[in-house]
Each structure stands twice: as C-alpha cells, then as structure tokens.
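Okay, query.cif now, which holds mmCIF, C-alpha atoms:
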```
data_protein
#
loop_
_atom_site.label_atom_id
_atom_site.label_comp_id
_atom_site.auth_asym_id
_atom_site.auth_seq_id
_atom_site.Cartn_x
_atom_site.Cartn_y
_atom_site.Cartn_z
CA MET H 1 35.76 -29.79 -3.46
CA LEU H 2 33.85 -26.51 -3.89
CA LEU H 3 35.16 -26.26 -7.42
CA LEU H 4 33.89 -29.71 -8.31
CA THR H 5 30.49 -29.04 -6.75
CA VAL H 6 30.10 -25.85 -8.76
CA LEU H 7 31.07 -27.56 -11.99
CA GLU H 8 28.67 -30.41 -11.31
CA LEU H 9 25.80 -27.99 -10.61
CA VAL H 10 26.48 -26.16 -13.84
CA ARG H 11 26.57 -29.47 -15.70
CA ARG H 12 23.18 -30.43 -14.28
CA ARG H 13 21.85 -26.99 -15.19
CA ARG H 14 20.98 -26.28 -11.61
CA LEU H 15 23.18 -23.20 -11.72
CA MET H 16 23.22 -20.79 -14.61
CA GLU H 17 26.64 -20.01 -16.04
CA ARG H 18 26.05 -16.34 -15.38
CA TYR H 19 26.00 -16.94 -11.63
CA ALA H 20 28.58 -19.69 -11.68
CA LEU H 21 31.37 -17.49 -13.05
CA LEU H 22 31.89 -15.61 -9.82
CA TRP H 23 31.81 -18.81 -7.80
CA LEU H 24 34.32 -20.46 -10.12
CA LEU H 25 36.61 -17.47 -10.00
CA SER H 26 36.63 -17.39 -6.21
CA ALA H 27 37.12 -21.15 -5.94
CA VAL H 28 40.04 -21.13 -8.36
CA VAL H 29 41.78 -18.19 -6.72
CA LEU H 30 41.38 -19.58 -3.20
CA LEU H 31 42.52 -23.02 -4.24
CA ALA H 32 45.56 -21.64 -6.05
CA LEU H 33 46.54 -19.55 -3.08
CA ALA H 34 46.09 -22.46 -0.68
CA ILE H 35 48.35 -24.70 -2.77
CA TRP H 36 50.89 -22.13 -3.86
CA SER H 37 51.80 -20.97 -0.38
CA SER H 38 54.78 -18.86 -1.39
CA ALA H 39 52.47 -16.59 -3.37
CA LEU H 40 50.15 -16.37 -0.37
CA ALA H 41 53.11 -15.50 1.83
CA SER H 42 54.20 -12.66 -0.42
CA ILE H 43 50.64 -11.32 -0.66
CA SER H 44 50.19 -11.40 3.10
CA HIS H 45 53.53 -9.67 3.49
CA ALA H 46 52.49 -7.03 0.96
CA ILE H 47 49.25 -6.21 2.78
CA GLY H 48 50.96 -6.42 6.18
CA VAL H 49 49.37 -9.60 7.52
CA ILE H 50 51.74 -11.54 9.72
CA TYR H 51 50.07 -14.95 9.57
CA PRO H 52 49.53 -15.99 5.89
CA PRO H 53 46.37 -18.13 6.43
CA ASN H 54 44.69 -15.00 7.81
CA ALA H 55 45.33 -13.33 4.47
CA LEU H 56 43.61 -16.29 2.82
CA PHE H 57 40.55 -15.81 5.05
CA PHE H 58 40.59 -12.11 4.31
CA ILE H 59 40.54 -12.75 0.57
CA ALA H 60 37.83 -15.39 1.02
CA ILE H 61 35.63 -12.92 2.92
CA GLY H 62 36.19 -10.41 0.15
CA PHE H 63 34.88 -12.89 -2.39
CA ILE H 64 31.90 -13.78 -0.21
CA LEU H 65 30.90 -10.13 0.09
CA LEU H 66 31.21 -9.75 -3.65
CA LEU H 67 28.97 -12.77 -4.22
CA LEU H 68 26.35 -11.50 -1.76
CA LEU H 69 26.25 -8.15 -3.49
CA HIS H 70 25.88 -9.93 -6.79
CA PHE H 71 22.87 -11.84 -5.43
CA SER H 72 21.28 -8.70 -4.01
CA SER H 73 21.43 -7.08 -7.39
CA ALA H 74 20.05 -10.20 -9.04
CA VAL H 75 17.15 -10.30 -6.55
CA SER H 76 16.44 -6.61 -7.14
CA ARG H 77 16.24 -7.15 -10.85
CA LEU H 78 14.01 -10.17 -10.42
CA SER H 79 11.55 -8.38 -8.12
CA ASP H 80 11.44 -5.53 -10.59
CA GLN H 81 10.57 -7.92 -13.38
CA THR H 82 8.02 -9.71 -11.20
CA GLU H 83 6.30 -6.42 -10.47
CA THR H 84 6.05 -5.59 -14.16
CA LEU H 85 4.62 -9.04 -14.80
CA ALA H 86 2.05 -8.60 -12.03
CA GLN H 87 0.96 -5.28 -13.53
CA ARG H 88 0.63 -6.73 -17.01
CA GLN H 89 -1.29 -9.68 -15.63
CA ALA H 90 -3.76 -7.37 -13.86
CA LEU H 91 -4.26 -5.31 -17.02
CA LEU H 92 -4.83 -8.39 -19.16
CA ASP H 93 -7.12 -9.86 -16.52
CA GLU H 94 -9.37 -6.81 -16.70
CA ARG H 95 -9.42 -6.83 -20.46
CA LEU H 96 -10.35 -10.51 -20.47
CA ARG H 97 -13.13 -9.98 -17.96
CA LEU H 98 -14.62 -7.23 -20.11
CA GLN H 99 -14.55 -9.52 -23.13
CA GLU H 100 -16.20 -12.36 -21.30
CA GLU H 101 -19.07 -10.20 -20.06
CA PRO H 102 -20.21 -8.29 -23.13
CA THR H 103 -23.69 -7.87 -21.63
CA ASP H 104 -22.14 -5.57 -19.04
CA ASP H 105 -21.72 -2.91 -21.66
CA ILE H 106 -25.42 -2.82 -22.38
CA GLN H 107 -26.57 -2.95 -18.79
CA PRO H 108 -23.52 -2.04 -16.79
CA GLU H 109 -25.25 -1.25 -13.51
CA ARG H 110 -27.52 -4.23 -12.92
CA GLY H 111 -25.36 -6.94 -14.41
CA ALA H 112 -22.17 -6.17 -12.54
CA GLU H 113 -23.94 -5.48 -9.31
CA ALA H 114 -25.97 -8.62 -9.23
CA GLU H 115 -23.03 -10.76 -10.11
CA ALA H 116 -20.68 -9.25 -7.58
CA GLU H 117 -23.34 -9.62 -4.91
CA ALA H 118 -23.74 -13.26 -5.77
CA GLU H 119 -20.01 -13.70 -5.55
CA LEU H 120 -19.93 -11.93 -2.22
CA GLU H 121 -22.58 -14.21 -0.81
CA GLY H 122 -20.70 -17.22 -2.04
CA LYS H 123 -17.45 -16.19 -0.46
CA PRO H 124 -18.13 -16.73 3.27
CA LEU H 125 -19.50 -20.19 2.47
CA ASP H 126 -16.33 -21.09 0.61
CA LEU H 127 -14.23 -19.95 3.50
CA ALA H 128 -16.35 -21.89 5.98
CA GLN H 129 -16.02 -25.01 3.92
CA ARG H 130 -12.31 -24.64 3.72
CA HIS H 131 -12.17 -24.42 7.49
CA LEU H 132 -14.18 -27.61 7.82
CA ASP H 133 -11.81 -29.39 5.48
CA MET E 1 -11.03 10.79 -31.23
CA SER E 2 -13.57 12.88 -29.39
CA THR E 3 -12.59 16.35 -28.41
CA ARG E 4 -13.79 15.91 -24.85
CA ALA E 5 -10.98 15.29 -22.40
CA LEU E 6 -10.94 11.92 -20.65
CA TYR E 7 -10.44 11.82 -16.88
CA LEU E 8 -9.43 8.79 -14.85
CA ALA E 9 -9.42 8.56 -11.06
CA VAL E 10 -7.04 5.88 -9.85
CA VAL E 11 -7.71 4.53 -6.37
CA PRO E 12 -4.95 2.27 -5.06
CA ALA E 13 -6.44 0.02 -2.39
CA TYR E 14 -5.03 -2.63 -0.11
CA ASN E 15 -7.60 -4.20 2.21
CA GLU E 16 -9.84 -1.15 2.17
CA SER E 17 -13.20 -2.93 2.23
CA ALA E 18 -14.38 -0.63 5.04
CA THR E 19 -14.08 2.54 2.97
CA ILE E 20 -13.76 1.68 -0.71
CA VAL E 21 -17.47 1.87 -1.51
CA ASP E 22 -17.78 5.32 0.08
CA VAL E 23 -14.75 6.53 -1.87
CA ILE E 24 -16.17 5.32 -5.17
CA GLU E 25 -19.61 6.79 -4.45
CA ALA E 26 -18.08 10.12 -3.46
CA LEU E 27 -16.12 10.19 -6.72
CA ARG E 28 -19.25 9.47 -8.73
CA ARG E 29 -21.22 12.13 -6.94
CA ASP E 30 -18.65 14.89 -6.65
CA ALA E 31 -16.45 14.24 -9.69
CA PRO E 32 -18.75 12.70 -12.30
CA GLU E 33 -16.42 13.48 -15.23
CA PHE E 34 -13.95 10.93 -13.86
CA ASP E 35 -13.95 7.24 -14.67
CA THR E 36 -13.00 5.33 -11.56
CA LEU E 37 -10.32 2.66 -11.59
CA VAL E 38 -9.56 0.75 -8.41
CA VAL E 39 -6.17 -0.94 -8.32
CA ASP E 40 -6.50 -3.71 -5.79
CA ASP E 41 -2.98 -4.39 -4.58
CA GLY E 42 -3.42 -8.05 -3.71
CA SER E 43 -6.01 -7.50 -0.98
CA THR E 44 -7.01 -10.47 1.11
CA ASP E 45 -10.49 -9.11 1.81
CA SER E 46 -13.29 -8.41 -0.66
CA THR E 47 -12.09 -4.95 -1.70
CA ASP E 48 -12.12 -5.89 -5.39
CA LEU E 49 -15.66 -7.34 -5.33
CA LEU E 50 -17.07 -4.40 -3.40
CA ALA E 51 -15.41 -1.96 -5.80
CA GLN E 52 -16.79 -3.83 -8.79
CA ALA E 53 -20.26 -3.88 -7.30
CA ALA E 54 -20.02 -0.15 -6.70
CA GLY E 55 -19.45 0.31 -10.41
CA ALA E 56 -15.72 0.94 -10.57
CA ARG E 57 -13.33 -0.72 -12.93
CA VAL E 58 -11.01 -2.97 -11.02
CA LEU E 59 -7.48 -4.11 -11.70
CA LYS E 60 -6.55 -6.89 -9.32
CA LEU E 61 -2.86 -7.43 -8.80
CA PRO E 62 -2.09 -11.08 -8.07
CA PHE E 63 -0.06 -10.22 -4.98
CA ASN E 64 0.92 -7.17 -2.99
CA VAL E 65 3.44 -5.19 -5.00
CA GLY E 66 3.37 -2.05 -2.85
CA ILE E 67 1.76 1.33 -3.36
CA GLY E 68 4.23 2.44 -6.04
CA GLY E 69 3.61 -0.59 -8.21
CA ALA E 70 -0.15 -0.28 -7.73
CA VAL E 71 -0.25 3.37 -8.75
CA GLN E 72 2.01 2.69 -11.70
CA THR E 73 -0.47 0.10 -12.92
CA GLY E 74 -2.98 2.95 -13.02
CA PHE E 75 -0.58 5.04 -15.11
CA VAL E 76 -0.09 2.20 -17.57
CA TYR E 77 -3.86 1.73 -17.80
CA ALA E 78 -4.41 5.45 -18.41
CA ARG E 79 -1.69 5.48 -21.04
CA GLU E 80 -3.08 2.50 -22.93
CA HIS E 81 -6.66 3.73 -22.79
CA GLY E 82 -5.79 7.23 -23.91
CA TYR E 83 -6.78 9.20 -20.85
CA ASP E 84 -5.79 12.86 -20.80
CA PHE E 85 -5.80 13.34 -17.05
CA LEU E 86 -5.22 11.01 -14.15
CA ALA E 87 -6.08 11.76 -10.55
CA GLN E 88 -4.71 9.67 -7.74
CA VAL E 89 -7.11 9.33 -4.83
CA ASP E 90 -6.45 7.20 -1.75
CA GLY E 91 -8.80 4.34 -1.02
CA ASP E 92 -9.11 5.15 2.67
CA GLY E 93 -11.33 8.22 2.42
CA GLN E 94 -8.56 10.68 3.32
CA HIS E 95 -9.11 12.68 0.18
CA ASP E 96 -12.15 14.69 -0.71
CA ALA E 97 -13.51 14.08 -4.21
CA GLU E 98 -14.96 17.60 -4.25
CA GLU E 99 -11.43 18.98 -4.25
CA LEU E 100 -10.60 17.37 -7.59
CA GLU E 101 -12.26 20.32 -9.27
CA ARG E 102 -9.77 22.61 -7.63
CA LEU E 103 -6.87 20.46 -8.82
CA ILE E 104 -8.16 20.62 -12.37
CA ALA E 105 -8.63 24.38 -12.14
CA THR E 106 -5.08 24.84 -10.86
CA MET E 107 -3.67 22.71 -13.63
CA LYS E 108 -5.44 24.75 -16.28
CA GLU E 109 -4.68 28.12 -14.73
CA ASP E 110 -1.00 27.56 -14.11
CA ASP E 111 -0.40 25.33 -17.14
CA VAL E 112 1.49 22.68 -15.19
CA ASP E 113 1.91 18.92 -15.63
CA VAL E 114 1.16 17.85 -12.08
CA VAL E 115 -0.97 19.40 -9.37
CA CYS E 116 -0.48 18.15 -5.84
CA GLY E 117 -3.01 18.67 -3.08
CA SER E 118 -1.29 19.98 0.01
CA ARG E 119 -2.79 19.70 3.47
CA PHE E 120 -0.44 22.33 4.86
CA LEU E 121 -1.39 25.24 2.65
CA THR E 122 -4.87 25.47 4.10
CA ASP E 123 -6.16 26.98 7.32
CA ASP E 124 -8.74 24.26 7.49
CA HIS E 125 -6.84 21.88 9.78
CA ARG E 126 -9.01 18.87 9.72
CA TYR E 127 -6.03 16.62 9.31
CA PRO E 128 -4.71 15.84 12.78
CA ALA E 129 -1.52 14.04 11.83
CA PRO E 130 0.61 12.85 14.69
CA ILE E 131 3.47 15.22 15.44
CA SER E 132 6.09 12.62 14.47
CA ARG E 133 4.54 12.22 11.05
CA ARG E 134 4.31 15.96 10.55
CA THR E 135 7.94 16.43 11.52
CA GLY E 136 9.02 13.81 9.02
CA ILE E 137 6.94 15.40 6.28
CA HIS E 138 8.42 18.81 7.01
CA ILE E 139 11.96 17.45 6.84
CA PHE E 140 11.23 16.00 3.41
CA ALA E 141 9.53 19.21 2.38
CA PHE E 142 12.56 21.25 3.39
CA LEU E 143 15.09 19.01 1.59
CA LEU E 144 12.97 18.66 -1.49
CA SER E 145 12.30 22.37 -1.73
CA ARG E 146 16.03 22.97 -1.60
CA ILE E 147 16.70 20.45 -4.35
CA VAL E 148 14.01 21.42 -6.82
CA GLY E 149 14.24 25.13 -6.08
CA THR E 150 10.55 25.77 -5.46
CA ARG E 151 8.58 25.40 -2.28
CA VAL E 152 7.04 21.97 -1.80
CA SER E 153 4.98 21.95 1.37
CA ASP E 154 3.48 18.46 1.32
CA PRO E 155 5.68 16.06 -0.65
CA THR E 156 4.07 12.92 0.80
CA SER E 157 0.58 13.80 -0.34
CA GLY E 158 -0.91 11.15 -2.58
CA PHE E 159 -3.70 13.41 -3.80
CA ARG E 160 -2.47 14.44 -7.22
CA LEU E 161 -3.60 15.21 -10.74
CA TYR E 162 -1.40 14.36 -13.70
CA ASN E 163 -1.65 15.36 -17.34
CA ARG E 164 -0.76 13.32 -20.39
CA ARG E 165 2.97 14.05 -20.21
CA ALA E 166 3.20 13.00 -16.58
CA ILE E 167 1.16 9.85 -17.29
CA GLU E 168 3.61 8.87 -20.04
CA LEU E 169 6.56 9.47 -17.76
CA PHE E 170 5.25 7.56 -14.75
CA ALA E 171 3.89 4.65 -16.77
CA PHE E 172 7.52 4.20 -17.71
CA ASP E 173 9.30 5.01 -14.47
CA TYR E 174 7.67 5.21 -11.05
CA PRO E 175 9.31 4.57 -7.67
CA HIS E 176 8.48 1.41 -5.71
CA ASP E 177 7.96 1.60 -1.98
CA TYR E 178 7.04 5.07 -0.82
CA PRO E 179 6.81 6.80 -4.14
CA GLU E 180 5.44 10.29 -3.53
CA VAL E 181 8.61 12.09 -2.52
CA GLU E 182 10.76 10.45 -5.17
CA ALA E 183 8.12 11.12 -7.81
CA VAL E 184 8.55 14.87 -7.27
CA LEU E 185 12.26 14.42 -7.86
CA ILE E 186 11.65 12.49 -11.08
CA LEU E 187 9.37 15.27 -12.31
CA TYR E 188 12.11 17.75 -11.63
CA HIS E 189 14.66 15.64 -13.52
CA HIS E 190 12.39 15.54 -16.56
CA HIS E 191 11.60 19.23 -16.41
CA LEU E 192 7.91 18.72 -15.80
CA ARG E 193 6.21 21.46 -13.83
CA MET E 194 4.40 20.88 -10.58
CA ARG E 195 2.21 23.13 -8.45
CA GLU E 196 0.59 22.64 -5.11
CA THR E 197 -2.89 23.67 -4.17
CA PRO E 198 -4.44 23.67 -0.72
CA VAL E 199 -6.90 20.84 -0.01
CA ARG E 200 -8.79 19.46 2.94
CA MET E 201 -7.82 16.02 4.13
CA TYR E 202 -9.58 13.77 6.58
CA THR E 203 -8.35 11.12 8.92
CA ARG E 204 -8.60 7.64 7.58
CA GLY E 205 -12.12 6.28 7.46
CA GLY E 206 -11.03 2.77 8.33
CA GLY E 207 -8.44 0.14 7.62
CA ILE E 208 -4.84 0.65 8.54
CA SER E 209 -2.33 3.02 7.04
CA SER E 210 0.31 1.52 4.83
CA ILE E 211 2.79 3.33 7.05
CA SER E 212 2.60 1.87 10.53
CA THR E 213 4.65 3.38 13.33
CA GLY E 214 7.18 0.59 13.12
CA LYS E 215 7.74 1.31 9.47
CA SER E 216 8.09 5.06 9.84
CA ALA E 217 11.79 4.85 10.58
CA TYR E 218 12.33 2.63 7.56
CA TYR E 219 10.26 5.06 5.53
CA MET E 220 12.42 8.01 6.60
CA VAL E 221 15.69 6.26 5.87
CA LYS E 222 14.50 4.81 2.58
CA VAL E 223 13.21 8.10 1.24
CA LEU E 224 16.29 9.98 2.38
CA LEU E 225 18.48 7.42 0.65
CA ALA E 226 16.35 7.71 -2.46
CA LEU E 227 16.65 11.48 -2.33
CA PHE E 228 20.40 11.52 -2.16
CA VAL E 229 21.03 8.63 -4.51
CA GLY E 230 18.42 10.04 -6.85
CA LEU E 231 20.44 13.21 -7.09
CA GLY E 232 23.39 11.35 -8.52
CA ARG E 233 21.40 8.95 -10.65
CA ARG E 234 21.11 9.58 -14.32
CA ARG E 235 17.60 8.65 -15.19
CA PRO E 236 16.81 7.82 -18.76
CA VAL E 237 15.12 10.93 -20.02
CA ILE E 238 12.32 9.83 -22.29
CA ASP E 239 11.17 12.02 -25.07
CA LEU E 240 7.93 13.72 -24.07
CA SER E 241 7.95 16.46 -26.62
CA ASP E 242 5.40 14.86 -28.92
CA VAL E 243 2.91 14.04 -26.19
#
```
Would you give me this structure, written as structure tokens?
Amino acid sequence: MLLLTVLELVRRRRLMERYALLWLLSAVVLLALAIWSSALASISHAIGVIYPPNALFFIAIGFILLLLLHFSSAVSRLSDQTETLAQRQALLDERLRLQEEPTDDIQPERGAEAEAEAELEGKPLDLAQRHLD
Amino acid sequence: MSTRALYLAVVPAYNESATIVDVIEALRRDAPEFDTLVVDDGSTDSTDLLAQAAGARVLKLPFNVGIGGAVQTGFVYAREHGYDFLAQVDGDGQHDAEELERLIATMKEDDVDVVCGSRFLTDDHRYPAPISRRTGIHIFAFLLSRIVGTRVSDPTSGFRLYNRRAIELFAFDYPHDYPEVEAVLILYHHHLRMRETPVRMYTRGGGISSISTGKSAYYMVKVLLALFVGLGRRRPVIDLSDV
C-alpha cells in the first residue's frame, strides 16, 4: 500500500525522486520482511529478539529515524538557500531604488528626507484603512 | 581607484525604530569618515523608513533571517562596493560611535584583521549586564581563549572593525544565529589576526534585545555546540592571499 502510494506520488511529480528513494527502500525492505517471515525470524534471532514482529517494528523505527534525519538536513539546506536569496534580494532592491531615484544623487538630503516623511505619514492611514476593512 | 580608504558602518536592526535615528546621527557626528548602511532584518515597524530619512543607506531583508544573516548582508555589500573597512555597530545604541576611532587606531597599530571592542577590558563600567549574562559570556571567553590560544575577554561583543581580508571571508562564510562567538573561531581557522580593545558600552536605548531570557539557555547550548562541532569541522579555506 505504502509502496504504491509512493510510486503514484512520484508519477504525479508530487515527490521528487531524490526524496522518494529512501521511502521506496524502506517500503521494499519492510514488505519483503513481512512476507518472507523465515528471513525475519532469522534476523530477530540474530539480534536477540524473541518475538519476530518486534524485530520488524525495530527495523521500521530505524528507517523512520533515517528519513527524519534526511528531512532535517534537507530543511537546513533549504533555509540556507532561502537566506542567501533574501540577502541577494535586499542588495538588488537597494540597487534598483538608487537607479529609480537618480535625483537623490544630486540632492541627497532633501529628496530622500521629504519622500520618506511622506511615506511615514501615509503609513498610519494605510494601517487604519486595513483595520476598517 | 582613489587612494583614500573607504569605511562602511553596518548597523543590523530589527524593530529598532526607537533608537535607529540616534545611532545614525551619532555615527555621522562622531565617525564622519564612515558611510552608514542599515540592514533592516525584516522589521515590522518603520525602522527602514526612519533610517532612510536619517540619511543612511538601507538594505531591507524581506523577512527576518536572524542577526548573522543580516550582518553577512553587510559584508556582501561591502565586498561588492569595494570598501576597505567595515565596522559593525548595533542598532540599539549600545555602542558608542566615538569609540570607532579607537578601533581603527588599534587595527593600524597592531596590524590585525579584526578589532573587537571589549566591555570587560575597561574600568569604565557603564554596562550593567545581568549577572547571568556576564557568567555566560565569561564561560565562552574562557573556552574560546583556550581554543584560540590568546585571551578573548568579550567574545559576544558585536562592536567590531574588519579589514578587507575579513570582509572577504565573512561575505563568504558567516554563522547564522548567534554569530559573534563562532566568528572568532572562523577567524582562527583562517589564520586571521584579532585584537581586542577596551570600549564603553551602554545599556540598550530602547527596543528589546534579540536575546531574551527565555532564549539565553538556547543561546548557551547552541554556541557551545557550535564551538565543539566547529573544532572538528573542516571549513573550506578560501584563498585570501591576494586580497
């Protein structure tokens, strides 16, 4: 069931193959062990578990921990990349603003000040309106 | 290229509308050779507009990325605009712009890459930090001094001056959450020299510290983890010889 769901998600491109591999591996192994009970019995004997299904749960938990770790590392990488993007965006934003206000270079003091003040005055009104909405 | 050195003061600010204007004006008055760049770390108040009105350049991050990411944006800006020196000054009025001169003097005298303002090397105790905070800082100071082999009295101080080499390094690799302590470690790994110099610090002029009491424990654990993991981590050593 799990196996089929994973395959279907990959087919619909809802799950990237990169992340699906671990899921597929765990599904296949667990399914194989569940069906091929003599193998499960010998494994549980080898690791000293008396009741074979417990060994199955143990292995399943192992896979789950592995998957969680995998996701944590993926999230870490993503937040790292997001941060870099945010920084680049801020740098580009500033460059764009300078380009759009070339008069600022000639009269930096007055122009910027007056404009920012106007924006400041506009802000509380905007907020008030949003509250009314 | 002009022969005059270019100085940039980076002020990371998150919801500092109460103090940001004073900080910028103090920088203008007491450290006129510095261009001021405010990095607004996704503030929800009008920090960015106030800073702009006060005549500072403003980089507005689209959301809060944390102090490390904000400061690093300043490093990238300095690198791309060819600044020779970068000073980091907090947006809450803790740091005294007059002291920047002393940082510059120390950097030139001792020929180092980073100068860090330390609040513990001075007799002028205007910084009444709570005892818990001080204890934490001293623990870091002790561990860090052991690791890098020279005395570091105030590793959490965010009042620092960096030269071109350090700017290059940190534009490339700067820690995320509570960066100051780890940054010292990175400097050590890359064989950049750092000195401390005594400075006055004030209590915050307003706003709230990025390190609330609830977060202090997390801060301690995180930085300790970073310290010990950082020891074993092989950081990519970038080539700084031509800078």
### Task
Restrict the distance test to all atoms listed in the file, flag each residue of chain E within 10 Å of chain H, and return the flagged residues as a PyMOL selection string.
chain E and resi 39-42+46+48-66+69-74+76-77+80+176
Return the padded bounding box of segment 80-84 of chain H as lines of an AutoDock Vina configuration file: axis-aligned, built from all atoms listed in the file, 8 Å added on each side, with centre and edge lengths in Å to one decimal.
```
center_x = 8.7
center_y = -7.6
center_z = -12.3
size_x = 21.4
size_y = 20.2
size_z = 19.7
```
### Query
At most 8 Å from (14.8, 14.1, 5.1), file frame, all atoms listed in the file: which residues, as JSON, numbers by chain?
{"E": [136, 139, 140, 141, 142, 143, 220, 221, 223, 224]}
Can you pull out every residue within 10 Å of Asn54 of chain H, counting only C-alpha atoms, but drop anything in the same chain fewer than 6 positions away, and send it as a PDB file with C-alpha atoms, keeping the file's coordinate frame?
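Final file, out10.pdb:
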```pdb
ATOM      1  CA  LEU H  40      50.150 -16.370  -0.370  1.00  0.00           C
ATOM      2  CA  SER H  44      50.190 -11.400   3.100  1.00  0.00           C
ATOM      3  CA  ALA H  60      37.830 -15.390   1.020  1.00  0.00           C
TER       4      ALA H  60
END
```
### Query
What does the distance from atom CA of Ala9 of chain E to atom CA of Val89 of chain E come to in Å, to one decimal?
6.7 Å
### Task
Carefully work through the PyMOL selection byres ((chain E and resi 99) around 10) for this structure and note down the residues it includes, as a PyMOL selection string.
chain E and resi 30-31+95-98+100-105+117+159+197-201
### Query
Could you write out as a PyMOL selection string the residues that the PyMOL selection byres ((chain E and resi 169) around 10) matches in the shown file?
chain E and resi 75-76+79+164-168+170-174+186-187+190+192+237-240
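Here atom CA of Asp84 of chain E is placed at a distance of 26.3 Å from atom CA of Ser153 of chain E.
Within the 12 Å cut-off around Leu67 of chain H, using only C-alpha atoms and omitting residues fewer than 2 positions from it on the same chain, the listed residues are Tyr19, Ala20, Leu21, Leu22, Trp23, Leu24, Leu25, Ser26, Ala27, Ala60, Ile61, Gly62, Phe63, Ile64, Leu65, Leu69, His70, Phe71, Ser72, Ser73 and Ala74 of chain H.
Using all atoms listed in the file, the nearest neighbour of Pro53 of chain H within the list H:Leu66, H:Leu96, H:Ala34, H:Val75 is H:Ala34.
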### Query
Hey, what's within 12 Å of Asp111 of chain E if we count all atoms listed in the file and toss same-chain stuff fewer than 2 positions away? As a ChimeraX atom specification, please?
/E:103-109,113-115,162-163,192-195
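Interatomic distance, atom CA of Thr47 of chain E against atom CA of Glu16 of chain E: 5.9 Å.
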